[in-house]
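Trainee: So here's input10.cif, just mmCIF, C-alpha atoms:
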data_work
#
loop_
_atom_site.label_atom_id
_atom_site.label_comp_id
_atom_site.auth_asym_id
_atom_site.auth_seq_id
_atom_site.Cartn_x
_atom_site.Cartn_y
_atom_site.Cartn_z
CA MET S 225 85.56 90.76 83.95
CA VAL S 226 87.37 90.52 80.59
CA PRO S 227 89.23 93.80 79.94
CA PHE S 228 89.46 93.30 76.15
CA SER S 229 86.86 91.75 73.87
CA ARG S 230 89.35 90.87 71.13
CA VAL S 231 92.91 89.54 71.19
CA ALA S 232 95.43 89.39 68.34
CA LEU S 233 98.63 87.32 68.22
CA LEU S 234 101.69 88.49 66.27
CA GLN S 235 104.02 85.50 66.03
CA PHE S 236 107.39 85.97 64.35
CA GLU S 237 111.03 84.93 64.48
CA VAL S 238 112.76 87.32 66.85
CA ARG S 239 116.14 88.32 65.43
CA PRO S 240 118.67 88.51 68.28
CA GLY S 241 120.14 91.97 68.79
CA ASP S 242 118.27 93.59 65.90
CA PRO S 243 115.49 95.82 67.28
CA GLU S 244 114.98 97.72 64.02
CA ALA S 245 114.28 94.52 62.07
CA ASN S 246 112.02 93.17 64.82
CA LEU S 247 110.04 96.40 65.04
CA GLU S 248 109.57 96.27 61.28
CA GLN S 249 108.16 92.73 61.62
CA VAL S 250 105.68 94.01 64.20
CA ARG S 251 104.62 96.86 61.90
CA SER S 252 104.24 94.54 58.91
CA LEU S 253 102.18 91.88 60.71
CA PHE S 254 100.08 94.53 62.46
CA GLY S 255 99.38 96.31 59.18
CA ARG S 256 98.30 93.13 57.39
CA LEU S 257 96.09 92.00 60.26
CA ALA S 258 94.48 95.45 60.68
CA PRO S 259 92.88 94.71 64.07
CA PRO S 260 89.89 96.88 65.00
CA SER S 261 89.91 99.48 67.76
CA GLY S 262 90.05 98.07 71.28
CA THR S 263 92.02 94.94 70.30
CA LEU S 264 94.83 93.74 72.58
CA VAL S 265 97.79 92.76 70.37
CA LEU S 266 100.27 90.30 71.91
CA LEU S 267 103.97 90.07 71.10
CA PRO S 268 106.61 87.44 72.02
CA GLU S 269 109.04 87.65 74.91
CA LEU S 270 111.93 90.10 74.38
CA TRP S 271 110.46 90.80 70.96
CA SER S 272 112.95 93.60 70.22
CA CYS S 273 116.22 91.78 70.76
CA GLY S 274 115.81 88.20 71.98
CA PHE S 275 118.33 86.90 74.47
CA ALA S 276 121.17 89.08 73.19
CA GLY S 277 123.71 88.01 75.79
CA GLY S 278 126.07 90.64 77.15
CA ARG S 279 124.30 93.50 75.32
CA MET S 280 121.10 93.31 77.36
CA ALA S 281 121.80 96.60 79.19
CA HIS S 282 122.31 98.28 75.80
CA HIS S 283 118.96 96.98 74.57
CA ALA S 284 117.25 97.98 77.80
CA ALA S 285 118.36 101.57 77.20
CA ALA S 286 116.55 101.49 73.84
CA THR S 287 113.25 100.29 75.31
CA PRO S 288 111.71 103.78 75.80
CA ASP S 289 112.08 104.46 72.06
CA LEU S 290 110.44 101.13 71.21
CA LEU S 291 107.55 101.84 73.57
CA ARG S 292 107.03 105.20 71.87
CA ALA S 293 106.93 103.39 68.52
CA LEU S 294 104.28 101.00 69.88
CA ARG S 295 102.30 103.95 71.20
CA GLN S 296 102.24 105.45 67.71
CA LEU S 297 101.04 102.15 66.22
CA ALA S 298 98.40 101.81 68.92
CA GLY S 299 97.21 105.36 68.32
CA ARG S 300 96.59 104.76 64.62
CA ARG S 301 93.95 102.08 65.23
CA GLY S 302 93.02 102.56 68.88
CA THR S 303 94.61 99.24 69.85
CA TRP S 304 96.82 98.04 72.71
CA PHE S 305 100.07 96.05 72.77
CA ALA S 306 101.44 93.62 75.36
CA GLY S 307 104.88 92.03 75.07
CA SER S 308 108.09 91.86 77.05
CA LEU S 309 111.17 94.04 76.65
CA PRO S 310 114.36 94.50 78.70
CA GLU S 311 113.88 97.28 81.26
CA PRO S 312 116.62 99.16 83.16
CA SER S 313 116.54 98.32 86.86
CA ALA S 314 117.94 99.81 90.05
CA CYS S 315 118.95 96.26 91.01
CA GLY S 316 121.82 96.39 88.50
CA LEU S 317 120.78 93.84 85.88
CA PRO S 318 117.79 94.76 83.70
CA ARG S 319 114.37 93.21 84.21
CA ASN S 320 112.42 91.25 81.62
CA THR S 321 109.20 93.27 81.69
CA LEU S 322 105.89 92.83 79.90
CA PHE S 323 104.60 96.31 79.03
CA LEU S 324 100.97 97.14 78.32
CA THR S 325 101.03 100.02 75.84
CA GLY S 326 98.02 101.89 74.48
CA PRO S 327 97.30 105.08 72.52
CA ASP S 328 98.28 107.13 75.58
CA GLY S 329 101.50 105.24 76.30
CA VAL S 330 102.42 102.62 78.89
CA ALA S 331 99.43 101.77 81.06
CA GLY S 332 100.97 98.98 83.13
CA SER S 333 103.73 96.42 83.39
CA TYR S 334 104.62 93.04 84.85
CA SER S 335 108.23 91.91 85.38
CA LYS S 336 109.20 88.25 84.97
CA GLN S 337 109.34 86.62 88.40
CA HIS S 338 111.04 83.31 87.66
CA LEU S 339 114.25 83.40 85.65
CA PHE S 340 115.11 80.25 83.69
CA ALA S 341 118.51 79.36 85.14
CA PHE S 342 118.92 76.48 82.66
CA TRP S 343 119.31 79.16 79.97
CA LYS S 344 121.38 81.38 82.31
CA GLU S 345 118.64 84.02 82.48
CA ASP S 346 119.63 84.76 86.07
CA ARG S 347 122.91 86.14 84.71
CA LEU S 348 121.12 88.52 82.35
CA PHE S 349 118.19 89.78 84.42
CA SER S 350 116.98 90.70 87.88
CA PRO S 351 113.69 89.02 88.87
CA GLY S 352 110.53 91.00 89.41
CA ASP S 353 109.22 91.35 92.95
CA ARG S 354 105.63 92.62 92.60
CA PRO S 355 103.51 90.18 90.56
CA ARG S 356 100.35 92.26 90.45
CA PRO S 357 97.77 92.58 87.66
CA MET S 358 97.77 95.58 85.33
CA VAL S 359 94.95 98.12 85.41
CA THR S 360 93.21 98.85 82.10
CA PRO S 361 90.11 100.94 81.28
CA GLY S 362 88.20 97.67 80.87
CA GLY S 363 89.38 95.99 84.06
CA LEU S 364 92.36 94.05 85.37
CA LEU S 365 94.76 92.24 83.06
CA GLY S 366 97.01 89.44 84.32
CA GLY S 367 100.50 88.89 82.94
CA LEU S 368 103.15 86.18 82.82
CA VAL S 369 106.46 85.94 80.98
CA CYS S 370 107.45 82.53 79.59
CA TYR S 371 108.86 80.40 82.48
CA ASP S 372 106.36 82.03 84.87
CA LEU S 373 103.73 79.85 83.18
CA ARG S 374 105.05 76.87 85.15
CA PHE S 375 104.19 78.49 88.50
CA PRO S 376 100.42 78.25 89.00
CA GLU S 377 100.35 80.51 92.06
CA LEU S 378 101.30 83.52 89.91
CA ALA S 379 98.26 83.03 87.69
CA ARG S 380 96.07 82.12 90.66
CA ASP S 381 96.86 85.27 92.61
CA GLN S 382 96.12 87.52 89.65
CA ALA S 383 92.90 85.69 88.82
CA PHE S 384 91.80 85.91 92.46
CA ALA S 385 92.45 89.67 92.31
CA GLY S 386 89.85 89.92 89.55
CA CYS S 387 91.54 89.22 86.19
CA GLY S 388 89.38 87.65 83.51
CA LEU S 389 92.22 87.54 80.97
CA LEU S 390 95.79 86.33 81.46
CA VAL S 391 98.40 87.09 78.77
CA VAL S 392 101.71 85.28 78.32
CA SER S 393 104.70 86.61 76.37
CA ALA S 394 107.18 83.81 75.61
CA GLN S 395 110.12 82.32 73.79
CA TRP S 396 109.17 78.69 74.35
CA PRO S 397 111.21 75.91 72.69
CA MET S 398 109.82 73.35 70.25
CA ALA S 399 111.27 70.57 72.43
CA ARG S 400 108.61 71.34 75.04
CA LEU S 401 105.70 72.33 72.78
CA ASP S 402 103.37 69.89 74.55
CA HIS S 403 104.15 71.61 77.87
CA TRP S 404 103.32 75.01 76.38
CA GLN S 405 99.94 73.82 75.12
CA THR S 406 99.12 71.93 78.30
CA LEU S 407 100.13 74.70 80.69
CA LEU S 408 98.22 77.41 78.82
CA THR S 409 95.14 75.19 78.93
CA SER S 410 95.66 74.32 82.59
CA ARG S 411 95.98 77.96 83.67
CA ALA S 412 92.72 78.70 81.84
CA ILE S 413 90.78 75.78 83.34
CA GLU S 414 91.98 76.05 86.92
CA ASN S 415 91.40 79.82 87.07
CA GLN S 416 88.35 80.00 84.80
CA VAL S 417 89.91 82.81 82.76
CA PHE S 418 90.80 83.45 79.14
CA VAL S 419 94.51 82.80 78.52
CA ALA S 420 96.35 84.18 75.49
CA GLY S 421 99.97 83.20 74.89
CA CYS S 422 102.19 84.69 72.18
CA ASN S 423 105.36 82.75 71.38
CA SER S 424 108.25 83.30 69.00
CA CYS S 425 109.14 80.91 66.19
CA GLY S 426 112.16 80.03 64.11
CA ARG S 427 115.63 79.15 65.35
CA THR S 428 118.26 80.96 67.40
CA ALA S 429 121.62 79.16 67.59
CA SER S 430 120.74 75.60 68.66
CA THR S 431 117.22 76.41 69.93
CA GLU S 432 114.13 76.05 67.78
CA PHE S 433 111.15 77.97 69.12
CA ALA S 434 107.74 76.36 69.04
CA GLY S 435 105.41 79.06 67.78
CA HIS S 436 101.86 77.73 68.31
CA SER S 437 100.65 80.93 69.95
CA MET S 438 97.24 80.24 71.47
CA VAL S 439 94.07 81.70 72.91
CA VAL S 440 92.26 79.38 75.33
CA ALA S 441 88.73 79.82 76.72
CA PRO S 442 87.95 79.53 80.46
CA ASP S 443 86.59 76.03 79.88
CA GLY S 444 89.84 74.89 78.24
CA ARG S 445 88.69 75.04 74.60
CA PRO S 446 91.28 76.42 72.15
CA LEU S 447 89.81 79.48 70.44
CA LEU S 448 92.84 80.12 68.25
CA GLU S 449 96.18 78.43 67.61
CA LEU S 450 98.86 79.39 65.11
CA GLY S 451 101.32 76.98 63.55
CA SER S 452 105.08 76.78 63.85
CA GLY S 453 105.88 79.64 61.45
CA PRO S 454 105.29 83.39 61.38
CA GLY S 455 101.69 84.54 61.39
CA ALA S 456 99.07 86.85 62.81
CA GLU S 457 95.51 86.01 63.83
CA GLN S 458 92.82 87.45 66.06
CA CYS S 459 89.68 86.27 67.82
CA GLU S 460 86.80 87.51 69.95
CA LEU S 461 86.55 86.87 73.70
CA ASP S 462 83.00 86.26 74.89
CA SER S 463 82.79 87.61 78.43
CA GLY S 464 79.40 85.90 78.75
CA LEU S 465 81.16 82.53 78.68
CA LEU S 466 83.23 83.44 81.71
CA THR S 467 80.11 84.65 83.54
CA THR S 468 78.19 81.47 82.72
CA LEU S 469 81.00 79.15 83.84
CA ARG S 470 81.57 80.97 87.11
CA ALA S 471 77.85 81.01 87.86
CA ARG S 472 77.96 77.19 88.07
CA PHE S 473 81.02 77.10 90.31
CA CYS S 474 83.94 79.47 90.80
CA SER S 475 86.98 77.54 91.93
CA VAL S 476 89.28 80.57 91.69
CA GLY S 477 87.13 82.33 94.30
CA GLU S 478 87.58 79.54 96.84
CA ARG S 479 90.59 80.33 98.96
CA PRO S 480 90.18 78.75 102.41
CA TRP S 481 93.13 78.72 104.81
CA LEU S 482 94.02 75.02 104.86
CA ARG S 483 97.18 74.99 106.96
CA TYR S 484 98.21 75.57 110.55
CA ASP S 485 101.15 77.96 110.74
CA ARG S 486 102.15 76.53 114.13
CA ASP S 487 103.35 73.47 112.18
CA LYS S 488 106.23 75.62 110.87
CA VAL S 489 107.79 75.55 114.34
CA ILE S 490 110.11 72.56 114.19
CA SER S 491 112.75 70.94 116.39
CA GLN S 492 116.47 70.94 115.66
CA GLU S 493 116.33 67.15 115.49
CA ARG S 494 113.68 67.02 112.76
CA LEU S 495 114.77 70.01 110.68
CA PRO S 496 117.83 68.55 108.83
CA ALA S 497 115.81 65.66 107.37
CA VAL S 498 112.99 68.00 106.30
CA LEU S 499 115.45 70.35 104.59
CA ALA S 500 117.28 67.44 102.92
CA ALA S 501 114.06 66.46 101.14
CA ILE S 502 113.54 70.06 100.00
CA ARG S 503 117.14 70.35 98.81
CA ARG S 504 116.91 67.22 96.68
CA GLN S 505 114.76 69.20 94.24
CA GLY S 506 117.38 71.93 93.91
CA SER S 507 115.84 74.42 96.33
CA ARG S 508 118.09 76.98 98.05
CA ILE S 509 117.84 77.22 101.83
CA ALA S 510 118.21 80.67 103.41
CA PHE S 511 118.84 81.10 107.14
CA THR S 512 118.72 84.02 109.51
CA ASN S 513 118.39 84.34 113.27
CA GLY S 514 117.41 86.69 116.05
CA CYS S 515 115.48 87.18 119.29
CA PHE S 516 112.39 88.77 117.67
CA ASP S 517 111.08 89.67 121.12
CA ILE S 518 108.50 92.22 119.99
CA LEU S 519 107.93 91.75 116.26
CA HIS S 520 107.82 95.10 114.44
CA ALA S 521 107.83 96.49 110.90
CA GLY S 522 111.62 96.44 110.70
CA HIS S 523 111.65 92.70 111.43
CA VAL S 524 108.93 91.97 108.90
CA SER S 525 110.54 93.84 105.99
CA TYR S 526 113.90 92.27 106.86
CA LEU S 527 112.43 88.76 106.84
CA GLU S 528 110.68 89.41 103.52
CA GLN S 529 114.01 90.41 101.99
CA ALA S 530 115.69 87.39 103.57
CA ARG S 531 113.10 85.08 102.02
CA ARG S 532 113.82 86.53 98.56
CA THR S 533 117.41 85.31 98.75
CA GLY S 534 116.35 81.66 98.61
CA ASP S 535 113.48 79.25 98.03
CA CYS S 536 112.92 78.47 101.72
CA LEU S 537 113.59 80.61 104.80
CA VAL S 538 114.58 79.08 108.15
CA VAL S 539 114.55 81.43 111.13
CA GLY S 540 116.69 80.49 114.11
CA LEU S 541 115.08 81.86 117.27
CA ASN S 542 116.97 82.47 120.50
CA SER S 543 115.48 80.58 123.43
CA ASP S 544 114.38 82.47 126.54
CA ARG S 545 117.59 81.46 128.31
CA SER S 546 119.85 82.67 125.49
CA VAL S 547 117.92 85.95 125.23
CA ARG S 548 118.56 86.58 128.94
CA GLN S 549 122.25 85.90 128.33
CA LEU S 550 122.31 88.48 125.56
CA LYS S 551 119.86 91.11 126.82
CA GLY S 552 119.88 90.69 130.60
CA GLU S 553 117.13 90.03 133.13
CA GLY S 554 113.67 91.25 132.18
CA ARG S 555 114.05 89.96 128.64
CA PRO S 556 112.47 88.47 126.71
CA VAL S 557 109.14 90.16 127.14
CA ASN S 558 107.47 87.32 125.24
CA GLY S 559 108.32 83.66 125.78
CA GLU S 560 109.99 81.53 123.14
CA GLN S 561 106.86 79.61 122.16
CA GLU S 562 104.85 82.81 121.74
CA ARG S 563 107.64 84.41 119.70
CA ALA S 564 107.94 81.30 117.53
CA ARG S 565 104.19 81.19 116.93
CA VAL S 566 104.08 84.82 115.78
CA LEU S 567 107.04 84.35 113.43
CA ALA S 568 105.45 81.22 111.98
CA ALA S 569 102.38 83.24 110.98
CA LEU S 570 104.45 85.30 108.53
CA GLY S 571 104.04 84.12 104.96
CA CYS S 572 107.72 84.71 104.18
CA VAL S 573 108.86 82.32 106.95
CA ASP S 574 108.94 78.59 106.17
CA PHE S 575 110.40 77.16 109.39
CA VAL S 576 111.17 78.42 112.90
CA VAL S 577 113.67 76.53 115.04
CA ILE S 578 114.57 77.46 118.62
CA PHE S 579 118.22 77.23 119.70
CA ASP S 580 119.51 77.50 123.25
CA GLN S 581 123.07 78.74 122.73
CA GLU S 582 124.16 82.37 122.74
CA THR S 583 124.92 82.09 119.00
CA PRO S 584 123.46 79.78 116.33
CA ILE S 585 126.85 78.43 115.24
CA ASP S 586 126.00 74.78 116.04
CA LEU S 587 122.70 75.09 114.21
CA ILE S 588 124.37 76.69 111.17
CA ARG S 589 126.98 73.94 111.07
CA ALA S 590 124.23 71.33 111.17
CA LEU S 591 122.15 72.94 108.43
CA LEU S 592 124.83 74.59 106.24
CA PRO S 593 122.34 76.87 104.50
CA ASP S 594 122.92 77.99 100.92
CA VAL S 595 122.40 81.60 101.99
CA LEU S 596 123.22 83.06 105.41
CA VAL S 597 121.37 86.33 105.97
CA LYS S 598 122.24 89.03 108.47
CA GLY S 599 121.66 92.75 108.88
CA ALA S 600 123.89 95.11 106.90
CA ASP S 601 125.06 96.66 110.17
CA TRP S 602 127.09 93.49 110.76
CA PRO S 603 130.53 93.35 109.08
CA GLU S 604 130.83 90.03 107.30
CA GLU S 605 133.87 88.98 109.31
CA ARG S 606 131.78 89.24 112.50
CA ILE S 607 128.80 87.25 111.23
CA VAL S 608 128.59 83.94 113.07
CA GLY S 609 128.73 81.02 110.63
CA ALA S 610 129.83 83.06 107.62
CA ALA S 611 133.12 81.19 107.19
CA GLU S 612 131.43 77.80 107.49
CA VAL S 613 128.71 78.65 104.96
CA ARG S 614 131.20 80.02 102.44
CA ALA S 615 133.45 76.98 102.86
CA ALA S 616 130.48 74.75 102.01
CA GLY S 617 129.81 76.71 98.80
CA GLY S 618 127.12 79.02 100.16
CA ARG S 619 127.05 82.79 100.32
CA VAL S 620 126.40 85.56 102.83
CA GLU S 621 123.79 88.26 102.24
CA ARG S 622 123.79 91.46 104.31
CA ILE S 623 120.43 93.23 104.25
CA ALA S 624 119.75 96.81 105.25
CA PHE S 625 116.75 97.48 107.49
CA GLU S 626 114.04 99.50 105.72
CA HIS S 627 112.61 100.69 109.04
CA GLU S 628 114.82 102.05 111.79
CA VAL S 629 112.94 100.44 114.68
CA SER S 630 114.60 99.07 117.82
CA THR S 631 112.89 96.43 119.98
CA SER S 632 114.61 97.90 123.05
CA ALA S 633 113.32 101.36 122.12
CA VAL S 634 109.80 99.98 121.70
CA ILE S 635 109.96 98.34 125.13
CA GLU S 636 111.30 101.52 126.71
CA ALA S 637 108.51 103.59 125.12
CA ILE S 638 105.92 101.17 126.49
CA ARG S 639 107.44 101.36 129.96
CA ASN S 640 107.52 105.15 129.85
CA GLN S 641 103.87 105.26 128.89
CA GLY S 642 103.09 103.03 131.82
CA VAL S 643 104.93 105.34 134.22
CA SER S 644 103.13 108.44 132.97
#
How does this structure look as structure tokens?

Mentor:
Amino acid sequence: MVPFSRVALLQFEVRPGDPEANLEQVRSLFGRLAPPSGTLVLLPELWSCGFAGGRMAHHAAATPDLLRALRQLAGRRGTWFAGSLPEPSACGLPRNTLFLTGPDGVAGSYSKQHLFAFWKEDRLFSPGDRPRPMVTPGGLLGGLVCYDLRFPELARDQAFAGCGLLVVSAQWPMARLDHWQTLLTSRAIENQVFVAGCNSCGRTASTEFAGHSMVVAPDGRPLLELGSGPGAEQCELDSGLLTTLRARFCSVGERPWLRYDRDKVISQERLPAVLAAIRRQGSRIAFTNGCFDILHAGHVSYLEQARRTGDCLVVGLNSDRSVRQLKGEGRPVNGEQERARVLAALGCVDFVVIFDQETPIDLIRALLPDVLVKGADWPEERIVGAAEVRAAGGRVERIAFEHEVSTSAVIEAIRNQGVS
């Protein structure tokens, strides 16, 4: 389902740190284009301020006023706007968030998931953590912000959820214009959706932005493409085209489970070579460990948070013998292979490796993960392997449990139920 039948692109040179001038550009282009009611109007990434360096928190504080200004513009013609702005975040650094704004205000948002470290974005922003489609009166709308376009799973998940239109807000450089055009087209073809990308143009410092904002049909045909300078254009989206294409075959709807999670359980001998290949592409390895005797909600939320600290999560699992050393006779309740198999079924876990010692120090020394993760109840000086990881250039992350659940308490409750 296509939530909007018409899309407009407002392409302009974003002036760094000058929201008043940038808002005036939006008003001017919008006024000249005069899109009809129901049109979705796209704006570039960080259209109010650009990448304004150390003043990003200042610009984030001004975002509510800018959203109110967009609401007023939307109300005049019954249109909608989608473009990214800095948003205050509880994580400390702001988020780079694409807001969907209509006549009644903000209707949805999508925060940039992948920060472009080459441009030091990870020093300016916190990444988003919930890449879900936005709900509109006409259906679901998918969103991406610039670098996210290179990660096909983000578009795939939103298309699978039911999006017929994916919008991209970007500041994409002229040096990689061919990538911009190719990736927009690829996301449209592989997901059989309309894709509309709005880019900035002009030059900021040493970077020239590509412009060439585009609308691409589900079959890969360009419906609209601007040039390298400022401009505003609009086009219709024929929802019948999407229906016709998907009636022949619907590749986005095919999602078979093609892997065996048990293959994530790996030996200590094989693991270093496997991780070395992953590291050669710049991936960060996170490591945590535990007994995980009876897996519960506290474990799952902890492991999800651990996975977010890196690109690959290795879980060191105490063997049956080492669990007995730590917990005493009668533990573990579940054997090491069963515990490993359950952990491996979690999507946030990439590898499970069983170790036989009371602590994983030998394993940590062998792997030297980029991030060593432990519960926040552990003081850093007592975390096994912390000194070794830091000495190798890694870091230690202490994560608070979201659910106060104790495996021992769960076992005791089960035993008490059995007695009664």

Trainee: Skip region 493-509 of chain S itself and residues of its chain fewer than 5 positions away, then list as number ranges by chain all residues within 9 Å of it, counting only C-alpha atoms.

Mentor: S: 533-538, 575, 577, 590-596

Trainee: So, with only C-alpha atoms as the atoms that count, which of S:Asp517, S:Asp487, S:Asp580, S:Glu244 lies closest to Ser543 (chain S)?

Mentor: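 Answer, going by the shortest atom-to-atom distance: S:Asp580.
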
Trainee: So how many Å separate CA of Ala456 (chain S) and CA of Gly307 (chain S), to one decimal?

Mentor: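 Computing the Euclidean distance for CA of Ala456 (chain S) and CA of Gly307 (chain S) yields 14.5 Å.
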
Trainee: Between CA of Ala611 (chain S) and CA of Ser546 (chain S), what is the distance in Å, rounded to a tenth?

Mentor: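 Computing the Euclidean distance for CA of Ala611 (chain S) and CA of Ser546 (chain S) yields 22.7 Å.
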
Trainee: Please evaluate the PyMOL selection byres ((chain S and resi 554) around 12) against the displayed coordinates and give the resulting residues as a PyMOL selection string.

Mentor: chain S and resi 517+544-545+547-553+555-559+632+635-636

Trainee: Evaluated on this file, the PyMOL selection byres ((chain S and resi 436-453) around 6) picks out some residues - which ones are they, written as a PDB file with C-alpha atoms, keeping the file's coordinate frame?

Mentor:
ATOM      1  CA  THR S 409      95.140  75.190  78.930  1.00  0.00           C
ATOM      2  CA  ALA S 412      92.720  78.700  81.840  1.00  0.00           C
ATOM      3  CA  ILE S 413      90.780  75.780  83.340  1.00  0.00           C
ATOM      4  CA  GLN S 416      88.350  80.000  84.800  1.00  0.00           C
ATOM      5  CA  VAL S 417      89.910  82.810  82.760  1.00  0.00           C
ATOM      6  CA  PHE S 418      90.800  83.450  79.140  1.00  0.00           C
ATOM      7  CA  VAL S 419      94.510  82.800  78.520  1.00  0.00           C
ATOM      8  CA  ALA S 420      96.350  84.180  75.490  1.00  0.00           C
ATOM      9  CA  GLY S 421      99.970  83.200  74.890  1.00  0.00           C
ATOM     10  CA  CYS S 422     102.190  84.690  72.180  1.00  0.00           C
ATOM     11  CA  ASN S 423     105.360  82.750  71.380  1.00  0.00           C
ATOM     12  CA  CYS S 425     109.140  80.910  66.190  1.00  0.00           C
ATOM     13  CA  ALA S 434     107.740  76.360  69.040  1.00  0.00           C
ATOM     14  CA  GLY S 435     105.410  79.060  67.780  1.00  0.00           C
ATOM     15  CA  PRO S 454     105.290  83.390  61.380  1.00  0.00           C
TER      16      PRO S 454
END

Trainee: Go through S:Val576, S:Ile490, S:Leu317, S:Leu567 and flag the residue nearest Arg347 (chain S), using all atoms listed in the file for the distances.

Mentor: S:Leu317

Trainee: Give me the residues within 8 Å of Ala610 (chain S) as an NGL selection string, counting all atoms listed in the file and dropping any in the same chain fewer than 3 places off.

Mentor: :S and (596 or 604-605 or 607 or 613-614 or 619-620)

Trainee: Which residue, S:Glu612, S:Glu457, S:Asp372, S:Glu345, has the smallest gap to Leu407 (chain S) when you use all atoms listed in the file?

Mentor: S:Asp372

Trainee: Could you check how far CA of Gly302 (chain S) sits from CA of Thr468 (chain S), in Å to one decimal?

Mentor: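 So the answer is 29.3 Å.
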
Trainee: As a check of understanding, name the residues that the PyMOL selection byres ((chain S and resi 355) around 8) selects in the supplied structure, as JSON, numbers by chain.

Mentor: {"S": [334, 335, 337, 352, 353, 354, 356, 357, 378, 382]}

Trainee: Which residue, S:Gly571, S:Gly255, S:Gly262, S:Pro268, has the smallest gap to Arg239 (chain S) when you use all atoms listed in the file?

Mentor: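 Closest candidate: S:Pro268.
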
Trainee: Smallest atom-to-atom distance to Lys336 (chain S): which of S:Leu365, S:Ala245, S:Leu270, S:Ala293, using all atoms listed in the file?

Mentor: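 Smallest distance to Lys336 (chain S) is found for S:Leu270.
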